[in-house]
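A.B. asks: Before anything else, here's the structure in question.
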Amino acid sequence: MHYFVTGATGFVGGYVTSQLLAAGHDVTALVRTRDDARDIAAYGVRPHIGSVTDKEGMRSGVRGVDGVLHSAGHRLAFSDRKTMEAVNVLGSRNVFELVRELSIPKCIFTSTLNVFSDTHGAVVDESHRFTGTHLTEYDRVRAEAHFGVAAPMMDSGVPIIALMPGMVYGPRDTSAMARLITRAMLGRIIAVSANTAYSWAHVMDVAHAHVLAMQFGRPGETYIIGGPAHTVREALILAGNSAGKKRQPIPIPSWVAGSSAALMRPFSYIVPPWRRTADRLRIAAGVTYLGDDSKAREEIGFDPRSLAEGMPDAARATLEEMIDEG
């Protein structure tokens, strides 16, 4: 089979591409630069230079493939907020329109549990709908891509399957959470939120879920691929233990982080770059992003490893990568 992948040079998309190649499939990957094209071609991938924000620039790469895996995304940096919205919202619309116009049999869309924002301790399923103001700008934009773009097109018959990971961890992660895990392994975390929690899935399991969804997923359906629920503190303790660190982070009560977030928020509107700090403080105030992945387990065979199985090796790999880089 021949698949078109967006986000192939990213974290999840890179693992998706590797697993497709390992299974013997042909892969055309959307890349932004000639350097990226040269690098990815060395692995046997057919590069297609372009951007998800340029629909017509993608058309020739998508035409004739057996499926599309749309993993491209952009996280929040305040200075390029417009880019984040363009990539996540406009970019997704462009990909889905090409799937419809070119009669591509199936499209896997990498969404996120963040579209539900704070689940307030509940482990929600795919039918859950969030109402109110999203915690962060990232949550809001990803919700717009999911519910404002993907869902209506799924309802109209475009063969999209939406996958919703929670906190994805593993080697080659460069996120803020990866940096926090590294600090835990170095023994530099003194205190952390007591209640902030995520559904945690190793990146290899998340990537495998994409391959499974292409085989067994039903177009028009959404699948949570969240993995087991744990607090951030529990994850950092596991990471620290893997490096022989016995001191556990002191749990910070939710009200402390909540009070700090409330104080920071008005200033973040005056000094926009502080908005990311305000967002992180709000998340630290006992926020949960928790999803029930039983539907994905039953219908596509999603089988995530436990955090105790996945975190030690992932944490060590992340630490080694950061030491090599710096």
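Order determines the names: the first chain of the structure tokens is A, the second B, and so forth; residues in each chain are numbered 1 upward, and ligands are numbered 1 upward as they are shown.
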Extract, using only C-alpha atoms, all DNA, RNA and protein residues at most 10 Å from Pro312 in chain A, discarding same-chain residues fewer than 4 positions from it, and format them as number ranges by chain.
C.D. replies: A: 170, 185, 235, 238-243, 307-308, 316-318
A.B. asks: What would the file look like if the residues just selected were written as a PDB file, in the first residue's frame with C-alpha atoms?
C.D. replies:
ATOM      1  CA  GLY A 170       9.025   8.320  24.510  1.00  0.00           C
ATOM      2  CA  MET A 185      15.973  11.964  36.338  1.00  0.00           C
ATOM      3  CA  ALA A 235       5.199   9.712  36.130  1.00  0.00           C
ATOM      4  CA  LEU A 238       8.909   6.544  37.878  1.00  0.00           C
ATOM      5  CA  ALA A 239      11.359   8.565  35.779  1.00  0.00           C
ATOM      6  CA  GLY A 240      13.431   9.492  38.828  1.00  0.00           C
ATOM      7  CA  ASN A 241      13.475   5.927  40.108  1.00  0.00           C
ATOM      8  CA  SER A 242      14.812   4.736  36.752  1.00  0.00           C
ATOM      9  CA  ALA A 243      17.856   6.963  37.350  1.00  0.00           C
ATOM     10  CA  LEU A 307       3.595   3.522  32.387  1.00  0.00           C
ATOM     11  CA  ALA A 308       5.795   1.354  34.618  1.00  0.00           C
ATOM     12  CA  ARG A 316      16.696   7.187  29.869  1.00  0.00           C
ATOM     13  CA  ALA A 317      16.575   7.696  26.104  1.00  0.00           C
ATOM     14  CA  THR A 318      15.273  11.242  26.547  1.00  0.00           C
TER      15      THR A 318
END
A.B. asks: Return as a VMD selection string the full set of residues in range 21-260 of chain A whose backbone-based DSSP assignment is strand (DSSP E).
C.D. replies: chain A and resid 26 to 31 46 to 49 67 to 70 107 to 110 160 to 165 167 to 169 191 to 193 197 to 202 222 to 225 229 to 231 250 to 252
A.B. asks: Would you write out those residues with N, CA and C atoms, as a compact mmCIF listing (two decimals), in the first residue's frame?
C.D. replies:
# COMPACT_ATOMS: atom_id res chain seq x y z
N ASP A 26 4.79 1.70 1.04
CA ASP A 26 5.43 2.87 0.45
C ASP A 26 4.88 4.11 1.14
N VAL A 27 5.76 5.08 1.40
CA VAL A 27 5.35 6.29 2.10
C VAL A 27 5.83 7.52 1.36
N THR A 28 4.90 8.42 1.09
CA THR A 28 5.24 9.76 0.63
C THR A 28 5.01 10.69 1.80
N ALA A 29 6.01 11.48 2.15
CA ALA A 29 5.92 12.36 3.31
C ALA A 29 5.97 13.81 2.90
N LEU A 30 5.09 14.60 3.47
CA LEU A 30 5.10 16.04 3.25
C LEU A 30 6.20 16.66 4.10
N VAL A 31 7.12 17.37 3.48
CA VAL A 31 8.20 18.05 4.20
C VAL A 31 8.27 19.50 3.73
N ARG A 46 9.50 8.77 0.14
CA ARG A 46 9.40 9.69 -0.99
C ARG A 46 9.02 11.07 -0.46
N PRO A 47 9.92 12.04 -0.52
CA PRO A 47 9.56 13.37 0.01
C PRO A 47 8.69 14.16 -0.97
N HIS A 48 7.79 14.93 -0.41
CA HIS A 48 6.98 15.86 -1.20
C HIS A 48 7.08 17.21 -0.51
N ILE A 49 7.77 18.14 -1.12
CA ILE A 49 8.00 19.44 -0.49
C ILE A 49 6.73 20.29 -0.59
N GLY A 67 -4.13 5.85 1.23
CA GLY A 67 -4.60 6.44 2.48
C GLY A 67 -3.71 7.60 2.88
N VAL A 68 -4.27 8.46 3.74
CA VAL A 68 -3.54 9.63 4.25
C VAL A 68 -3.50 9.54 5.76
N LEU A 69 -2.34 9.82 6.34
CA LEU A 69 -2.21 9.91 7.80
C LEU A 69 -1.77 11.33 8.12
N HIS A 70 -2.69 12.09 8.71
CA HIS A 70 -2.49 13.52 8.93
C HIS A 70 -2.10 13.76 10.39
N CYS A 107 -8.57 8.33 5.73
CA CYS A 107 -7.66 9.34 6.28
C CYS A 107 -7.65 9.21 7.80
N ILE A 108 -6.46 9.05 8.38
CA ILE A 108 -6.30 9.01 9.82
C ILE A 108 -5.87 10.40 10.30
N PHE A 109 -6.66 10.98 11.18
CA PHE A 109 -6.40 12.33 11.70
C PHE A 109 -5.93 12.23 13.15
N THR A 110 -4.74 12.75 13.43
CA THR A 110 -4.22 12.76 14.80
C THR A 110 -4.76 13.98 15.53
N ILE A 160 -12.78 10.00 7.21
CA ILE A 160 -11.80 10.37 8.22
C ILE A 160 -12.00 9.51 9.46
N ILE A 161 -10.91 9.08 10.06
CA ILE A 161 -10.92 8.43 11.37
C ILE A 161 -10.08 9.31 12.29
N ALA A 162 -10.67 9.77 13.38
CA ALA A 162 -9.97 10.65 14.30
C ALA A 162 -9.42 9.84 15.48
N LEU A 163 -8.14 10.02 15.76
CA LEU A 163 -7.49 9.38 16.90
C LEU A 163 -7.14 10.46 17.92
N MET A 164 -7.38 10.16 19.20
CA MET A 164 -7.19 11.14 20.26
C MET A 164 -6.19 10.63 21.30
N PRO A 165 -4.90 10.91 21.13
CA PRO A 165 -3.92 10.56 22.16
C PRO A 165 -4.04 11.52 23.34
N MET A 167 -1.26 12.19 26.80
CA MET A 167 0.14 12.57 26.93
C MET A 167 1.00 11.50 26.28
N VAL A 168 1.63 11.84 25.18
CA VAL A 168 2.48 10.89 24.45
C VAL A 168 3.92 11.11 24.90
N TYR A 169 4.58 10.04 25.29
CA TYR A 169 5.96 10.14 25.77
C TYR A 169 6.82 9.10 25.07
N ALA A 191 9.25 19.98 43.75
CA ALA A 191 7.81 19.92 44.01
C ALA A 191 7.06 19.91 42.69
N VAL A 192 5.88 19.30 42.69
CA VAL A 192 5.06 19.22 41.49
C VAL A 192 3.60 19.11 41.89
N SER A 193 2.70 19.47 41.00
CA SER A 193 1.27 19.42 41.29
C SER A 193 0.87 18.03 41.80
N ALA A 197 -3.26 15.32 36.02
CA ALA A 197 -3.15 13.94 35.52
C ALA A 197 -3.47 13.87 34.04
N TYR A 198 -2.89 12.88 33.40
CA TYR A 198 -3.09 12.62 31.97
C TYR A 198 -3.30 11.13 31.75
N SER A 199 -3.81 10.81 30.57
CA SER A 199 -3.73 9.44 30.06
C SER A 199 -2.41 9.36 29.29
N TRP A 200 -1.56 8.39 29.68
CA TRP A 200 -0.19 8.31 29.17
C TRP A 200 -0.04 7.14 28.20
N ALA A 201 0.50 7.42 27.02
CA ALA A 201 0.74 6.35 26.05
C ALA A 201 2.11 6.52 25.42
N HIS A 202 2.86 5.43 25.37
CA HIS A 202 4.17 5.45 24.74
C HIS A 202 4.01 5.74 23.25
N THR A 222 -14.37 8.03 15.90
CA THR A 222 -13.30 8.61 16.70
C THR A 222 -12.86 7.59 17.74
N TYR A 223 -11.55 7.49 17.96
CA TYR A 223 -11.01 6.53 18.92
C TYR A 223 -10.04 7.25 19.87
N ILE A 224 -10.29 7.15 21.15
CA ILE A 224 -9.34 7.63 22.14
C ILE A 224 -8.22 6.61 22.28
N ILE A 225 -6.99 7.06 22.15
CA ILE A 225 -5.83 6.17 22.31
C ILE A 225 -4.97 6.74 23.44
N ALA A 229 -4.20 6.08 33.08
CA ALA A 229 -4.25 7.38 33.74
C ALA A 229 -3.26 7.43 34.90
N HIS A 230 -2.47 8.50 34.96
CA HIS A 230 -1.53 8.72 36.06
C HIS A 230 -1.36 10.22 36.27
N THR A 231 -1.06 10.60 37.52
CA THR A 231 -0.70 11.99 37.76
C THR A 231 0.69 12.25 37.20
N ILE A 250 7.74 16.84 46.16
CA ILE A 250 6.72 17.25 47.13
C ILE A 250 5.45 17.59 46.38
N PRO A 251 4.29 17.04 46.79
CA PRO A 251 3.03 17.36 46.09
C PRO A 251 2.53 18.76 46.43
N ILE A 252 2.30 19.57 45.41
CA ILE A 252 1.78 20.93 45.60
C ILE A 252 0.26 20.88 45.54
A.B. asks: With a distance cut-off of 8 Å and only C-alpha atoms, select the neighbouring residues of Arg142 in chain A, excluding the residue or stretch itself and same-chain residues fewer than 3 positions from it, and output the selection as a list in words.
C.D. replies: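 Non-adjacent residues within range: Asn88, Val89, Ser111, Thr112, Asn114, Val115, Tyr138, Asp139, Ala145 and His146 of chain A.
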A.B. asks: Which of these residues is nearest to Phe116 in chain A, using only C-alpha atoms: A:Ala296, A:Val287, A:Met153, A:Leu98?
C.D. replies: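 Looking at the shortest contact to Phe116 in chain A, the residue is A:Val287.
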A.B. asks: Can you pull out the residues contacting Asp173 in chain A? Cut-off 12 Å, using only C-alpha atoms, and skip same-chain residues under 4 positions away; I want them as an MDAnalysis selection string.
C.D. replies: chainID A and resid 9:15 167:169 177:182 202:204 314:322
A.B. asks: Rounded to one decimal in Å, what is the spacing between CA of Asp293 in chain A and CA of Gly166 in chain A?
C.D. replies: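 Separating CA of Asp293 in chain A from CA of Gly166 in chain A is a distance of 10.2 Å.
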A.B. asks: Do you know which residues are at most 9 Å from Phe216 in chain A counting only C-alpha atoms, after dropping those on the same chain fewer than 3 positions away, and could you put them as a ChimeraX atom specification?
C.D. replies: /A:211-213,299-301
A.B. asks: What does the distance between CA of Arg63 in chain A and CA of Pro159 in chain A come to in Å, to one decimal place?
C.D. replies: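 Interatomic distance here is 15.4 Å.
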